[in-house]
Every structure is written in structure tokens, then in C-alpha cells.
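Below is work.txt, which holds compact mmCIF, C-alpha atoms.
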```
# COMPACT_ATOMS: atom_id res chain seq x y z
CA MET A 12 101.07 -199.23 -37.39
CA ASN A 13 101.70 -199.68 -41.08
CA THR A 14 99.54 -202.00 -43.12
CA LEU A 15 100.34 -204.67 -45.64
CA SER A 16 98.08 -204.04 -48.62
CA ILE A 17 97.08 -206.95 -50.81
CA ILE A 18 95.01 -206.30 -53.88
CA ILE A 19 93.26 -209.28 -55.44
CA HIS A 20 91.47 -208.48 -58.64
CA PHE A 21 90.73 -210.20 -61.86
CA ASN A 22 92.58 -210.43 -65.15
CA PRO A 23 92.74 -207.02 -66.90
CA PHE A 24 92.23 -208.74 -70.25
CA GLU A 25 88.66 -209.45 -69.20
CA ASP A 26 85.95 -208.07 -66.95
CA ALA A 27 87.35 -208.53 -63.51
CA PHE A 28 86.69 -208.63 -59.81
CA PHE A 29 88.93 -206.65 -57.56
CA CYS A 30 89.51 -207.43 -53.90
CA LEU A 31 91.54 -205.26 -51.59
CA ILE A 32 92.81 -206.77 -48.37
CA SER A 33 94.93 -204.69 -46.03
CA CYS A 34 96.84 -206.68 -43.49
CA GLY A 35 98.82 -205.21 -40.63
CA LYS A 36 101.47 -206.78 -38.47
CA PHE A 37 105.18 -206.38 -38.78
CA LEU A 38 105.92 -202.76 -39.71
CA LYS A 39 105.52 -200.37 -36.79
CA THR A 40 106.22 -196.67 -36.51
CA SER A 41 107.41 -196.90 -32.91
CA GLY A 42 108.08 -199.36 -30.12
CA ASN A 43 110.64 -202.07 -29.62
CA ILE A 44 109.39 -204.44 -32.32
CA GLY A 45 109.26 -203.88 -36.07
CA LEU A 46 110.68 -201.32 -38.48
CA PRO A 47 110.21 -197.55 -38.56
CA GLN A 48 107.84 -196.31 -41.25
CA GLY A 49 109.82 -195.39 -44.36
CA SER A 50 112.84 -197.47 -43.35
CA VAL A 51 115.13 -198.04 -46.34
CA ILE A 52 115.54 -201.68 -45.33
CA GLY A 53 111.78 -202.18 -45.11
CA PRO A 54 111.34 -203.44 -48.71
CA LEU A 55 114.12 -205.99 -48.19
CA TRP A 56 112.52 -207.37 -45.05
CA SER A 57 109.15 -207.37 -46.80
CA ASN A 58 110.63 -209.56 -49.55
CA LEU A 59 112.09 -211.96 -47.02
CA TYR A 60 108.98 -212.06 -44.88
CA LEU A 61 106.60 -212.56 -47.81
CA ASN A 62 108.72 -215.07 -49.69
CA GLU A 63 106.33 -217.93 -48.97
CA VAL A 64 103.40 -215.85 -50.21
CA ASP A 65 105.30 -215.32 -53.47
CA LYS A 66 105.91 -219.05 -53.80
CA MET A 67 102.25 -219.85 -53.22
CA LEU A 68 101.05 -217.32 -55.82
CA GLU A 69 103.70 -218.34 -58.35
CA LYS A 70 102.48 -221.93 -58.04
CA ALA A 71 98.86 -220.79 -58.42
CA GLN A 72 99.80 -218.89 -61.59
CA LYS A 73 101.45 -221.94 -63.07
CA VAL A 74 98.81 -224.55 -62.28
CA SER A 75 95.86 -222.34 -63.28
CA ASN A 76 97.10 -221.45 -66.77
CA LYS A 77 95.29 -223.01 -69.71
CA GLY A 78 97.62 -223.01 -72.68
CA LYS A 79 98.50 -219.41 -73.54
CA TYR A 80 95.62 -218.06 -71.45
CA GLU A 81 96.36 -216.79 -67.97
CA ARG A 82 93.82 -217.24 -65.22
CA ILE A 83 95.92 -215.80 -62.40
CA ARG A 84 98.65 -213.18 -62.39
CA TYR A 85 100.18 -211.32 -59.49
CA THR A 86 102.54 -208.40 -58.96
CA ARG A 87 104.16 -207.41 -55.68
CA PHE A 88 106.30 -204.41 -54.75
CA ALA A 89 107.54 -204.53 -51.14
CA ASP A 90 104.37 -204.80 -49.07
CA ASP A 91 101.91 -204.00 -51.87
CA LEU A 92 100.55 -206.97 -53.77
CA ILE A 93 98.08 -207.21 -56.62
CA VAL A 94 96.60 -210.51 -57.81
CA GLN A 95 94.51 -210.75 -60.95
CA VAL A 96 92.14 -213.64 -61.59
CA SER A 97 90.11 -214.25 -64.73
CA ASP A 98 86.34 -213.70 -64.51
CA GLN A 99 85.49 -216.11 -67.31
CA THR A 100 82.90 -218.67 -66.28
CA HIS A 101 85.34 -221.57 -66.39
CA ALA A 102 87.97 -219.72 -64.37
CA LYS A 103 86.40 -217.36 -61.85
CA HIS A 104 86.20 -220.06 -59.15
CA TRP A 105 89.92 -219.34 -58.74
CA GLN A 106 89.00 -216.08 -56.98
CA VAL A 107 87.61 -217.94 -53.99
CA MET A 108 90.47 -220.41 -53.97
CA VAL A 109 93.20 -217.76 -54.23
CA GLU A 110 91.68 -215.55 -51.53
CA LYS A 111 91.30 -218.55 -49.21
CA ARG A 112 94.88 -219.69 -49.72
CA LEU A 113 96.18 -216.16 -49.38
CA ARG A 114 94.40 -215.69 -46.08
CA GLN A 115 95.72 -219.03 -44.88
CA GLU A 116 99.28 -218.07 -45.77
CA LEU A 117 98.96 -214.67 -44.09
CA ASP A 118 97.47 -216.28 -41.02
CA ARG A 119 100.38 -218.68 -40.88
CA LEU A 120 102.69 -215.64 -40.94
CA ASP A 121 100.60 -214.08 -38.16
CA VAL A 122 99.51 -211.18 -40.41
CA VAL A 123 96.06 -209.86 -39.44
CA VAL A 124 93.67 -208.86 -42.22
CA ASN A 125 92.14 -205.40 -41.93
CA GLU A 126 88.57 -206.22 -42.91
CA GLU A 127 87.51 -202.55 -42.97
CA LYS A 128 89.76 -201.98 -45.97
CA SER A 129 88.71 -205.18 -47.75
CA LYS A 130 86.32 -205.00 -50.66
CA VAL A 131 85.41 -206.70 -53.90
CA ILE A 132 85.06 -204.71 -57.13
CA LYS A 133 84.02 -205.99 -60.51
CA PHE A 134 86.50 -204.24 -62.75
CA LYS A 135 84.55 -202.74 -65.63
CA ILE A 136 83.95 -199.39 -67.32
CA GLY A 137 83.88 -196.76 -64.60
CA ALA A 138 85.52 -198.95 -61.97
CA SER A 139 88.84 -197.91 -60.45
CA PHE A 140 91.41 -198.95 -57.88
CA GLU A 141 94.61 -197.51 -56.43
CA PHE A 142 97.98 -199.20 -56.38
CA LEU A 143 101.46 -197.81 -55.62
CA GLY A 144 100.30 -194.21 -55.77
CA TYR A 145 98.49 -194.58 -59.09
CA THR A 146 94.77 -194.69 -59.84
CA PHE A 147 93.81 -197.30 -62.44
CA ARG A 148 90.46 -196.79 -64.15
CA GLY A 149 88.49 -198.79 -66.68
CA THR A 150 87.17 -196.80 -69.66
CA ALA A 151 85.44 -197.73 -72.89
CA ASN A 152 87.80 -198.62 -75.72
CA ARG A 153 87.28 -196.10 -78.51
CA THR A 154 88.09 -198.41 -81.40
CA LYS A 155 86.81 -201.76 -80.11
CA PRO A 156 83.24 -201.57 -78.77
CA GLY A 157 82.60 -203.79 -75.77
CA ARG A 158 86.21 -203.78 -74.63
CA ILE A 159 87.77 -201.91 -71.73
CA THR A 160 90.92 -199.82 -71.73
CA VAL A 161 92.81 -199.38 -68.46
CA LEU A 162 94.13 -195.85 -67.86
CA SER A 163 96.56 -194.89 -65.10
CA HIS A 164 97.42 -191.56 -63.52
CA PRO A 165 98.71 -190.27 -60.15
CA GLN A 166 96.35 -190.28 -57.21
CA LYS A 167 95.05 -186.78 -56.53
CA THR A 168 96.30 -186.94 -52.96
CA LYS A 169 99.86 -187.57 -54.20
CA ARG A 170 99.70 -184.46 -56.37
CA SER A 171 98.22 -182.37 -53.57
CA ASN A 172 100.82 -183.57 -51.07
CA LEU A 173 103.66 -182.54 -53.39
CA LEU A 174 102.25 -179.04 -53.82
CA LYS A 175 101.72 -178.63 -50.07
CA GLU A 176 105.27 -179.82 -49.39
CA VAL A 177 106.75 -177.39 -51.91
CA GLN A 178 104.71 -174.50 -50.52
CA ALA A 179 105.85 -175.29 -46.98
CA VAL A 180 109.48 -175.16 -48.13
CA LEU A 181 108.96 -171.82 -49.84
CA ASP A 182 107.23 -170.32 -46.81
CA LYS A 183 110.26 -171.16 -44.68
CA SER A 184 112.86 -169.92 -47.16
CA LEU A 185 112.07 -166.26 -47.75
CA SER A 186 115.55 -165.22 -46.63
CA THR A 187 117.29 -167.64 -49.02
CA PRO A 188 118.12 -166.63 -52.63
CA VAL A 189 115.60 -167.90 -55.17
CA LYS A 190 118.19 -169.83 -57.18
CA GLU A 191 119.42 -171.68 -54.09
CA VAL A 192 115.88 -172.56 -52.96
CA VAL A 193 114.95 -173.79 -56.42
CA GLN A 194 118.03 -175.91 -57.06
CA LYS A 195 118.64 -177.20 -53.55
CA TYR A 196 115.15 -177.76 -52.17
CA ILE A 197 112.49 -177.60 -54.90
CA ASN A 198 114.02 -179.36 -57.90
CA PRO A 199 114.96 -182.61 -56.09
CA ARG A 200 111.40 -182.99 -54.77
CA VAL A 201 109.72 -182.21 -58.07
CA ARG A 202 112.16 -184.27 -60.15
CA GLY A 203 111.63 -187.34 -57.96
CA TRP A 204 107.85 -187.00 -58.08
CA VAL A 205 107.75 -186.50 -61.85
CA ASN A 206 110.12 -189.38 -62.58
CA TYR A 207 107.90 -191.72 -60.57
CA PHE A 208 104.58 -190.50 -61.98
CA ARG A 209 105.53 -189.73 -65.61
CA TRP A 210 104.32 -193.18 -66.75
CA GLY A 211 100.95 -194.12 -68.18
CA ASN A 212 98.34 -191.45 -68.86
CA SER A 213 99.75 -188.73 -66.61
CA GLY A 214 99.96 -185.83 -69.06
CA TYR A 215 97.26 -183.72 -67.41
CA ASP A 216 98.73 -184.21 -63.92
CA LEU A 217 102.27 -183.40 -65.06
CA ASN A 218 101.15 -180.24 -66.84
CA TYR A 219 99.18 -179.19 -63.77
CA VAL A 220 102.22 -179.65 -61.52
CA LYS A 221 104.40 -177.72 -63.98
CA TRP A 222 101.94 -174.82 -64.00
CA GLN A 223 101.73 -174.83 -60.21
CA MET A 224 105.52 -174.86 -59.82
CA ASP A 225 105.85 -171.96 -62.24
CA MET A 226 103.22 -169.95 -60.33
CA LYS A 227 104.68 -170.72 -56.91
CA ILE A 228 108.21 -169.71 -57.87
CA ARG A 229 106.97 -166.50 -59.49
CA ARG A 230 105.09 -165.53 -56.34
CA PHE A 231 107.98 -166.58 -54.11
CA ALA A 232 110.37 -164.35 -56.07
CA SER A 233 107.97 -161.42 -55.82
CA ARG A 234 107.61 -161.90 -52.08
CA GLN A 235 111.39 -161.80 -51.75
CA THR A 236 111.90 -158.84 -54.07
CA PRO A 237 108.67 -156.93 -54.54
CA LYS A 238 108.23 -154.37 -57.28
CA SER A 239 108.66 -151.53 -54.76
CA ARG A 240 112.23 -152.72 -54.15
CA GLY A 241 113.25 -153.24 -57.77
CA GLY A 242 111.67 -156.63 -58.36
CA ASN A 243 108.66 -157.65 -60.43
CA SER A 244 105.04 -158.48 -59.88
CA TRP A 245 104.59 -162.24 -60.01
CA THR A 246 103.27 -162.11 -63.59
CA LYS A 247 106.33 -160.28 -64.95
CA TRP A 248 109.13 -162.76 -64.28
CA SER A 249 110.35 -164.17 -67.59
CA ALA A 250 110.80 -167.82 -68.52
CA THR A 251 114.49 -167.04 -69.01
CA GLU A 252 114.78 -166.04 -65.36
CA ILE A 253 112.69 -168.92 -64.04
CA TYR A 254 114.13 -171.78 -66.08
CA GLY A 255 117.46 -170.28 -67.11
CA THR A 256 118.82 -168.11 -64.30
CA TRP A 257 117.14 -169.94 -61.42
CA GLY A 258 117.12 -173.34 -63.14
CA LEU A 259 113.62 -174.51 -62.18
CA TYR A 260 113.06 -178.14 -63.21
CA SER A 261 111.24 -178.28 -66.55
CA ASP A 262 111.17 -181.88 -67.89
CA TYR A 263 107.52 -182.91 -67.57
CA ARG A 264 107.39 -185.21 -70.57
CA VAL A 265 105.26 -188.34 -70.25
CA SER A 266 106.98 -191.71 -70.62
CA TRP A 267 103.97 -193.02 -72.46
CA CYS A 268 102.73 -196.58 -72.11
CA ALA A 269 100.02 -197.76 -74.44
CA ALA A 270 96.75 -198.25 -72.58
CA ARG A 271 96.07 -201.95 -72.51
CA PRO A 272 92.70 -203.11 -73.81
CA VAL A 273 90.51 -205.39 -71.72
CA SER A 274 88.19 -207.93 -73.28
```
Full structure transcribed into C-alpha cells:
Amino acid sequence: MNTLSIIIHFNPFEDAFFCLISCGKFLKTSGNIGLPQGSVIGPLWSNLYLNEVDKMLEKAQKVSNKGKYERIRYTRFADDLIVQVSDQTHAKHWQVMVEKRLRQELDRLDVVVNEEKSKVIKFKIGASFEFLGYTFRGTANRTKPGRITVLSHPQKTKRSNLLKEVQAVLDKSLSTPVKEVVQKYINPRVRGWVNYFRWGNSGYDLNYVKWQMDMKIRRFASRQTPKSRGGNSWTKWSATEIYGTWGLYSDYRVSWCAARPVS
């Protein structure tokens, strides 16, 4: 059974609490009820099903604001939801109120909370949480002592899964020309991954994936055409062959977003 993940944490402009509630009900991988995991219509049904939750949180955002200062903010993508609540003394009581109302609304929708995956984190330097495949971490602001900067980068498991998937494709394609494997099977996977994870502070991860792709294709080409049969050792293939002749994907530039400081 899939889970509905709801992240409740506290305003990133200040020290914050972070609560993760995973709730399972309506998305199933098999059976006669629910949607298959990964269904393309899943996000649409999530939006319809969670519409009342959106309305409740939108109202909470509006009524809790104090002038230009936000006490509550939420973001939802399909069945992943993050709610931020200020930890200032005059505002942090909203955490209890929001969590209570959220649980009430989910209960009304017959969505069961997975308590094993629920936790509360005070978001500060060294604290981290995961959302939509990214890891968000609080670090010390270099120019403003006492403030926190939030950095984001791909979860390590997402990077590892991509590399395992690519290797599995290569292992099954030894009889297929390198150019065809690269352009038909490898590039679409890598391009999609990079375009999703090129935001934030992902430079190290993108460079690591690029290096791994380069190494894997070199070794794949040498397995297909070893030096004894007129090919090259894996270290001898040129960049012209890899990125020119075979056309291996090469755009690993970061779409940089300024790290946002936290009070």
C-alpha cells in the first residue's frame, strides 16, 4: 500500500519544528480498490481527494498571519504535503492546532496516520528532512551569525537508484551498439533525473552522476569491443567518441537557487 506523506514543520525563516505524518489509505498497488502505484492519474485523484485539506490549510494560513509575517505556510504536491509553522513564542501554539485539525480532516476522509513514520524535529543547524526526493538541511549562515541557511540536494538513495538502473540496462545490452544504447536507453533516464534534481545546491551530486555515467559508458564500450578485438581499454576512449559520436548526455549544469536564510 502506498502512503500519503504529510510533513508539518515550522517556518523556515525561523527556528522550526518539523513533524512528519505518513498516512495510508487510498492508493494501493494491487486489488480491486484504489490506484496502481505510479499511475499517471494518481496526482489528479490526490488533488480531488485532498481538496478539503487544502481548503483547511489555506484558511489556517490566512487567519494566522500577522501583518506581513507568516505563521503558517503549506506546500502540497500530489500526496506529499509540507506545512510550516512559526516557532516564535507568540505563534508556536499553532503547531498543536494545525496538527489537530489536520488529523481531524484526515480522519474524516478515512485516511489512517502511520504513527511509526511520525516525528517532530526542531529545524535548526544540523537538522534535516526529506521531501519530494530532496534532502533539506539547516546549516550556519556564513555572513549572518545566528541565522540558518537551508540547503537542498538529491537524496542519496535517488542517486544510487539511478546508477543501479543504468548499470542494469548496460548489463542487458551488450549485443546492442553503444550509440543506440546511449541515445535510446541511457540518455532519457539521465536527462530526466538531472532535470528534476538540478535545482538548489546539487552541484556535487550532478558532477558525481556525470563522472559515473562517463565511467560506465567507457567500460561498457570496452566490454563490447575489447582491445584484443580492435577496441580500447576503458581509459582510452576519447571525449569526442563518448559525447560526440555516441552522444552521451552532458548537460549537468545546476539551475541555482539562492539558499534562503533562516532567522
Enter the distance from atom CA of A:Asp91 to atom CA of A:Tyr60, in Å, rounded to one decimal.
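One can read the atom CA of A:Asp91 to atom CA of A:Tyr60 distance as 12.8 Å.
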All residues 9 Å or closer to stretch 259-268 of chain A, only C-alpha atoms, same chain fewer than 6 positions away omitted, as a short mmCIF file (atom, residue, chain, number, x, y, z; two decimals) with C-alpha atoms, in the frame of the given file:
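Writing the result to out-v4.cif gives the following:
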```cif
data_model
loop_
_atom_site.label_atom_id
_atom_site.label_comp_id
_atom_site.auth_asym_id
_atom_site.auth_seq_id
_atom_site.Cartn_x
_atom_site.Cartn_y
_atom_site.Cartn_z
CA LYS A 190 118.19 -169.83 -57.18
CA VAL A 193 114.95 -173.79 -56.42
CA GLN A 194 118.03 -175.91 -57.06
CA ILE A 197 112.49 -177.60 -54.90
CA ASN A 198 114.02 -179.36 -57.90
CA PRO A 199 114.96 -182.61 -56.09
CA VAL A 201 109.72 -182.21 -58.07
CA ARG A 202 112.16 -184.27 -60.15
CA VAL A 205 107.75 -186.50 -61.85
CA ASN A 206 110.12 -189.38 -62.58
CA PHE A 208 104.58 -190.50 -61.98
CA ARG A 209 105.53 -189.73 -65.61
CA TRP A 210 104.32 -193.18 -66.75
CA GLY A 211 100.95 -194.12 -68.18
CA ASN A 212 98.34 -191.45 -68.86
CA SER A 213 99.75 -188.73 -66.61
CA GLY A 214 99.96 -185.83 -69.06
CA LEU A 217 102.27 -183.40 -65.06
CA ASN A 218 101.15 -180.24 -66.84
CA VAL A 220 102.22 -179.65 -61.52
CA LYS A 221 104.40 -177.72 -63.98
CA MET A 224 105.52 -174.86 -59.82
CA ASP A 225 105.85 -171.96 -62.24
CA ILE A 228 108.21 -169.71 -57.87
CA ILE A 253 112.69 -168.92 -64.04
#
```
Select, counting only C-alpha atoms, all protein, DNA and RNA residues no farther than 8 Å from (100.4, -216.9, -61.2) in file coordinates, and express the selection as a VMD selection string.
chain A and resid 68 to 76 81 to 85
Please indicate the distance in Å from atom CA of A:Leu174 to atom CA of A:Ser244, rounded to one decimal place.
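Pair atom CA of A:Leu174 / atom CA of A:Ser244 returns 21.6 Å.
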Spatial neighbours of stretch 140-144 of chain A, max dist 9 Å, all atoms listed in the file, sep filter under 4 positions, as number ranges by chain
A: 18, 29, 31, 88, 91-93, 132, 134, 148, 164-166, 168-169, 208
At what distance in Å, to one decimal, does atom CA of A:Leu185 lie from atom CA of A:Arg234?
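Here the two named atoms are 7.6 Å from each other.
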Compile the contact shell of A:Leu120 as a list in words: residues with an atom at most 9 Å away, counting all atoms listed in the file, same-chain residues fewer than 4 positions apart removed.
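The residues satisfying every condition are Tyr60, Leu61, Gln115 and Glu116 of chain A.
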So which one's closest to A:Asn243, A:Arg229, A:Gly255, A:Asn58, A:Phe147? Using all atoms listed in the file, please.
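That would be A:Arg229, the residue with the smallest distance to A:Asn243.
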Kindly indicate which residue among A:Arg153, A:Gly137, A:Met67, A:Gly78 lies nearest to A:Lys111, using all atoms listed in the file for the distances.
A:Met67
Best match for closeness to A:Thr236 among A:Tyr207, A:Thr187, A:Ser249, A:Tyr196, counting all atoms listed in the file:
A:Thr187
Place all heavy atoms on stretch 203-214 of chain A and deliver the coordinates as a PDB file, in the frame of the given file.
```pdb
ATOM      1  N   GLY A 203     111.936-185.994 -58.442  1.00  0.00           N
ATOM      2  CA  GLY A 203     111.630-187.340 -57.960  1.00  0.00           C
ATOM      3  C   GLY A 203     110.179-187.696 -58.180  1.00  0.00           C
ATOM      4  O   GLY A 203     109.862-188.815 -58.608  1.00  0.00           O
ATOM      5  N   TRP A 204     109.285-186.745 -57.902  1.00  0.00           N
ATOM      6  CA  TRP A 204     107.850-187.000 -58.080  1.00  0.00           C
ATOM      7  C   TRP A 204     107.526-187.242 -59.554  1.00  0.00           C
ATOM      8  O   TRP A 204     106.813-188.194 -59.893  1.00  0.00           O
ATOM      9  CB  TRP A 204     107.061-185.797 -57.557  1.00  0.00           C
ATOM     10  CG  TRP A 204     105.585-186.037 -57.430  1.00  0.00           C
ATOM     11  CD1 TRP A 204     104.909-186.465 -56.321  1.00  0.00           C
ATOM     12  CD2 TRP A 204     104.592-185.862 -58.459  1.00  0.00           C
ATOM     13  NE1 TRP A 204     103.565-186.560 -56.589  1.00  0.00           N
ATOM     14  CE2 TRP A 204     103.346-186.189 -57.898  1.00  0.00           C
ATOM     15  CE3 TRP A 204     104.647-185.438 -59.778  1.00  0.00           C
ATOM     16  CZ2 TRP A 204     102.156-186.126 -58.614  1.00  0.00           C
ATOM     17  CZ3 TRP A 204     103.459-185.386 -60.504  1.00  0.00           C
ATOM     18  CH2 TRP A 204     102.234-185.717 -59.924  1.00  0.00           C
ATOM     19  N   VAL A 205     108.039-186.374 -60.415  1.00  0.00           N
ATOM     20  CA  VAL A 205     107.750-186.500 -61.850  1.00  0.00           C
ATOM     21  C   VAL A 205     108.313-187.794 -62.417  1.00  0.00           C
ATOM     22  O   VAL A 205     107.640-188.491 -63.193  1.00  0.00           O
ATOM     23  CB  VAL A 205     108.301-185.285 -62.622  1.00  0.00           C
ATOM     24  CG1 VAL A 205     108.204-185.506 -64.133  1.00  0.00           C
ATOM     25  CG2 VAL A 205     107.551-184.024 -62.220  1.00  0.00           C
ATOM     26  N   ASN A 206     109.528-188.157 -62.046  1.00  0.00           N
ATOM     27  CA  ASN A 206     110.120-189.380 -62.580  1.00  0.00           C
ATOM     28  C   ASN A 206     109.342-190.624 -62.160  1.00  0.00           C
ATOM     29  O   ASN A 206     109.318-191.617 -62.895  1.00  0.00           O
ATOM     30  CB  ASN A 206     111.578-189.497 -62.127  1.00  0.00           C
ATOM     31  CG  ASN A 206     112.505-188.586 -62.901  1.00  0.00           C
ATOM     32  OD1 ASN A 206     112.164-188.128 -63.996  1.00  0.00           O
ATOM     33  ND2 ASN A 206     113.664-188.293 -62.341  1.00  0.00           N
ATOM     34  N   TYR A 207     108.711-190.573 -60.996  1.00  0.00           N
ATOM     35  CA  TYR A 207     107.900-191.720 -60.570  1.00  0.00           C
ATOM     36  C   TYR A 207     106.550-191.734 -61.276  1.00  0.00           C
ATOM     37  O   TYR A 207     106.062-192.800 -61.668  1.00  0.00           O
ATOM     38  CB  TYR A 207     107.676-191.673 -59.052  1.00  0.00           C
ATOM     39  CG  TYR A 207     106.919-192.870 -58.537  1.00  0.00           C
ATOM     40  CD1 TYR A 207     107.580-194.066 -58.266  1.00  0.00           C
ATOM     41  CD2 TYR A 207     105.542-192.828 -58.342  1.00  0.00           C
ATOM     42  CE1 TYR A 207     106.890-195.184 -57.808  1.00  0.00           C
ATOM     43  CE2 TYR A 207     104.848-193.929 -57.894  1.00  0.00           C
ATOM     44  CZ  TYR A 207     105.523-195.109 -57.623  1.00  0.00           C
ATOM     45  OH  TYR A 207     104.821-196.205 -57.186  1.00  0.00           O
ATOM     46  N   PHE A 208     105.957-190.557 -61.470  1.00  0.00           N
ATOM     47  CA  PHE A 208     104.580-190.500 -61.980  1.00  0.00           C
ATOM     48  C   PHE A 208     104.494-190.134 -63.461  1.00  0.00           C
ATOM     49  O   PHE A 208     103.393-189.878 -63.953  1.00  0.00           O
ATOM     50  CB  PHE A 208     103.766-189.495 -61.168  1.00  0.00           C
ATOM     51  CG  PHE A 208     103.393-189.985 -59.800  1.00  0.00           C
ATOM     52  CD1 PHE A 208     103.947-189.404 -58.671  1.00  0.00           C
ATOM     53  CD2 PHE A 208     102.504-191.036 -59.648  1.00  0.00           C
ATOM     54  CE1 PHE A 208     103.601-189.854 -57.405  1.00  0.00           C
ATOM     55  CE2 PHE A 208     102.151-191.491 -58.384  1.00  0.00           C
ATOM     56  CZ  PHE A 208     102.704-190.898 -57.257  1.00  0.00           C
ATOM     57  N   ARG A 209     105.596-190.129 -64.202  1.00  0.00           N
ATOM     58  CA  ARG A 209     105.530-189.730 -65.610  1.00  0.00           C
ATOM     59  C   ARG A 209     105.045-190.862 -66.518  1.00  0.00           C
ATOM     60  O   ARG A 209     104.948-190.704 -67.729  1.00  0.00           O
ATOM     61  CB  ARG A 209     106.876-189.207 -66.094  1.00  0.00           C
ATOM     62  CG  ARG A 209     107.983-190.218 -66.172  1.00  0.00           C
ATOM     63  CD  ARG A 209     109.160-189.684 -66.997  1.00  0.00           C
ATOM     64  NE  ARG A 209     109.958-188.663 -66.344  1.00  0.00           N
ATOM     65  CZ  ARG A 209     110.006-187.390 -66.735  1.00  0.00           C
ATOM     66  NH1 ARG A 209     109.288-186.983 -67.765  1.00  0.00           N
ATOM     67  NH2 ARG A 209     110.770-186.516 -66.095  1.00  0.00           N
ATOM     68  N   TRP A 210     104.739-192.032 -65.950  1.00  0.00           N
ATOM     69  CA  TRP A 210     104.320-193.180 -66.750  1.00  0.00           C
ATOM     70  C   TRP A 210     102.804-193.202 -66.940  1.00  0.00           C
ATOM     71  O   TRP A 210     102.055-192.650 -66.156  1.00  0.00           O
ATOM     72  CB  TRP A 210     104.783-194.484 -66.100  1.00  0.00           C
ATOM     73  CG  TRP A 210     106.264-194.524 -65.969  1.00  0.00           C
ATOM     74  CD1 TRP A 210     107.002-194.134 -64.883  1.00  0.00           C
ATOM     75  CD2 TRP A 210     107.201-194.921 -66.966  1.00  0.00           C
ATOM     76  NE1 TRP A 210     108.338-194.265 -65.128  1.00  0.00           N
ATOM     77  CE2 TRP A 210     108.498-194.759 -66.411  1.00  0.00           C
ATOM     78  CE3 TRP A 210     107.087-195.387 -68.262  1.00  0.00           C
ATOM     79  CZ2 TRP A 210     109.653-195.053 -67.117  1.00  0.00           C
ATOM     80  CZ3 TRP A 210     108.240-195.685 -68.964  1.00  0.00           C
ATOM     81  CH2 TRP A 210     109.495-195.523 -68.395  1.00  0.00           C
ATOM     82  N   GLY A 211     102.386-193.911 -67.980  1.00  0.00           N
ATOM     83  CA  GLY A 211     100.950-194.120 -68.180  1.00  0.00           C
ATOM     84  C   GLY A 211     100.285-192.937 -68.848  1.00  0.00           C
ATOM     85  O   GLY A 211     100.765-192.392 -69.841  1.00  0.00           O
ATOM     86  N   ASN A 212      99.166-192.501 -68.269  1.00  0.00           N
ATOM     87  CA  ASN A 212      98.340-191.450 -68.860  1.00  0.00           C
ATOM     88  C   ASN A 212      98.360-190.220 -67.967  1.00  0.00           C
ATOM     89  O   ASN A 212      97.328-189.706 -67.561  1.00  0.00           O
ATOM     90  CB  ASN A 212      96.910-191.970 -69.039  1.00  0.00           C
ATOM     91  CG  ASN A 212      96.880-193.348 -69.688  1.00  0.00           C
ATOM     92  OD1 ASN A 212      96.824-194.355 -68.993  1.00  0.00           O
ATOM     93  ND2 ASN A 212      96.952-193.384 -71.006  1.00  0.00           N
ATOM     94  N   SER A 213      99.565-189.757 -67.635  1.00  0.00           N
ATOM     95  CA  SER A 213      99.750-188.730 -66.610  1.00  0.00           C
ATOM     96  C   SER A 213      99.945-187.330 -67.157  1.00  0.00           C
ATOM     97  O   SER A 213     100.342-186.431 -66.411  1.00  0.00           O
ATOM     98  CB  SER A 213     100.964-189.104 -65.736  1.00  0.00           C
ATOM     99  OG  SER A 213     100.809-190.380 -65.156  1.00  0.00           O
ATOM    100  N   GLY A 214      99.689-187.123 -68.439  1.00  0.00           N
ATOM    101  CA  GLY A 214      99.960-185.830 -69.060  1.00  0.00           C
ATOM    102  C   GLY A 214      99.280-184.669 -68.367  1.00  0.00           C
ATOM    103  O   GLY A 214      99.891-183.629 -68.106  1.00  0.00           O
TER     104      GLY A 214
END
```
